[in-house]
Amino acid sequence: MKEKHSAELERFKSVLDIYGSRRQAWPTADKDLMSRLLETSDVAKSMLRQEEKFDSLLKAEDVSVTAPSALLSRVLVDAEETNTGSLAKILWPFGSFWQPASGLLVAGFVGAFLGLASPNLISGDDDLSLDEPSFGVSLFDLESDNASL
């Protein structure tokens, strides 16, 4: 019974934390539980009073802040200065283009070299000949050396 009551109080607290003390804002699925706990539990009543005090403090501190008009004009000017330039700079704002392009080319060359240097491991026939050159120890060599283990 205590576990159920404790779980209900945890749910009560989480609803208060999320929706505040206004009962209209509480989810309809939890309103019955919330009302029942408020009628029977002093802890729930205390939690609600604390949340009402917190909500009143938040309402007292609710001051609308307006930004000065000069700030808006500075932001717009900075935005225009940032977006000036050629179409290439707008599409690629990360600086020079040669570094990522050269990295892509090197990765392509390494991939092509490894593809040509590795043996054809995806063959369906049973002959033990390799169709492509291999530069070093291949998977086939490792399998045949470790077959006796």
# chains A, B, ... in the order shown; residues from 1 in each chain; ligands from 1
call {"tool": "residues_around", "arguments": {"residues": "stretch 44-49 of chain A", "least_positions_apart": "4", "cutoff": "9 Å", "atoms": "only C-alpha atoms", "output": "list in words"}}
result
Leu9, Phe12, Lys13, Leu16, Gly20, Ser21, Met34, Leu37, Leu38, Glu39, Thr40, Lys53 and Phe54 of chain A
call {"tool": "write_last_selection", "arguments": {"atoms": "N, CA and C atoms", "output": "CSV table (one decimal), in the first residue's frame"}}
result
chain,number,residue,atom,x,y,z
A,9,LEU,N,2.2,9.7,-5.1
A,9,LEU,CA,2.7,11.0,-4.7
A,9,LEU,C,3.8,11.5,-5.7
A,12,PHE,N,2.0,12.8,-8.6
A,12,PHE,CA,1.5,14.1,-8.2
A,12,PHE,C,2.6,15.2,-8.3
A,13,LYS,N,3.7,14.9,-7.8
A,13,LYS,CA,4.8,15.8,-7.8
A,13,LYS,C,5.3,16.1,-9.2
A,16,LEU,N,2.8,18.4,-10.9
A,16,LEU,CA,2.9,19.8,-10.4
A,16,LEU,C,4.2,20.4,-11.0
A,20,GLY,N,2.4,23.0,-13.1
A,20,GLY,CA,2.1,24.0,-12.2
A,20,GLY,C,0.9,23.8,-11.3
A,21,SER,N,0.5,24.8,-10.5
A,21,SER,CA,-0.6,24.6,-9.6
A,21,SER,C,-1.9,24.9,-10.2
A,34,MET,N,-5.2,13.4,-8.8
A,34,MET,CA,-4.7,14.6,-8.1
A,34,MET,C,-5.8,15.0,-7.1
A,37,LEU,N,-5.8,12.6,-4.1
A,37,LEU,CA,-4.7,12.8,-3.2
A,37,LEU,C,-4.8,14.1,-2.4
A,38,LEU,N,-5.4,15.2,-3.0
A,38,LEU,CA,-5.6,16.4,-2.3
A,38,LEU,C,-6.6,16.3,-1.1
A,39,GLU,N,-7.5,15.4,-1.3
A,39,GLU,CA,-8.5,15.2,-0.3
A,39,GLU,C,-8.0,14.3,0.9
A,40,THR,N,-7.0,13.4,0.6
A,40,THR,CA,-6.6,12.5,1.6
A,40,THR,C,-5.2,12.7,2.1
A,53,LYS,N,2.9,28.9,-4.2
A,53,LYS,CA,3.8,30.0,-3.8
A,53,LYS,C,4.9,30.2,-4.9
A,54,PHE,N,5.4,29.2,-5.5
A,54,PHE,CA,6.4,29.3,-6.5
A,54,PHE,C,5.7,29.9,-7.8
call {"tool": "atom_distance", "arguments": {"atom1": "atom CA of A:Phe94", "atom2": "atom CA of A:Val110"}}
result
25.2 Å
call {"tool": "closest_residue", "arguments": {"among": "A:Ser14, A:Val63, A:Lys4, A:Arg74", "to": "A:Asp30", "atoms": "only C-alpha atoms"}}
result
A:Ser14
call {"tool": "atom_distance", "arguments": {"atom1": "atom CA of A:Glu61", "atom2": "atom CA of A:Tyr19"}}
result
18.4 Å
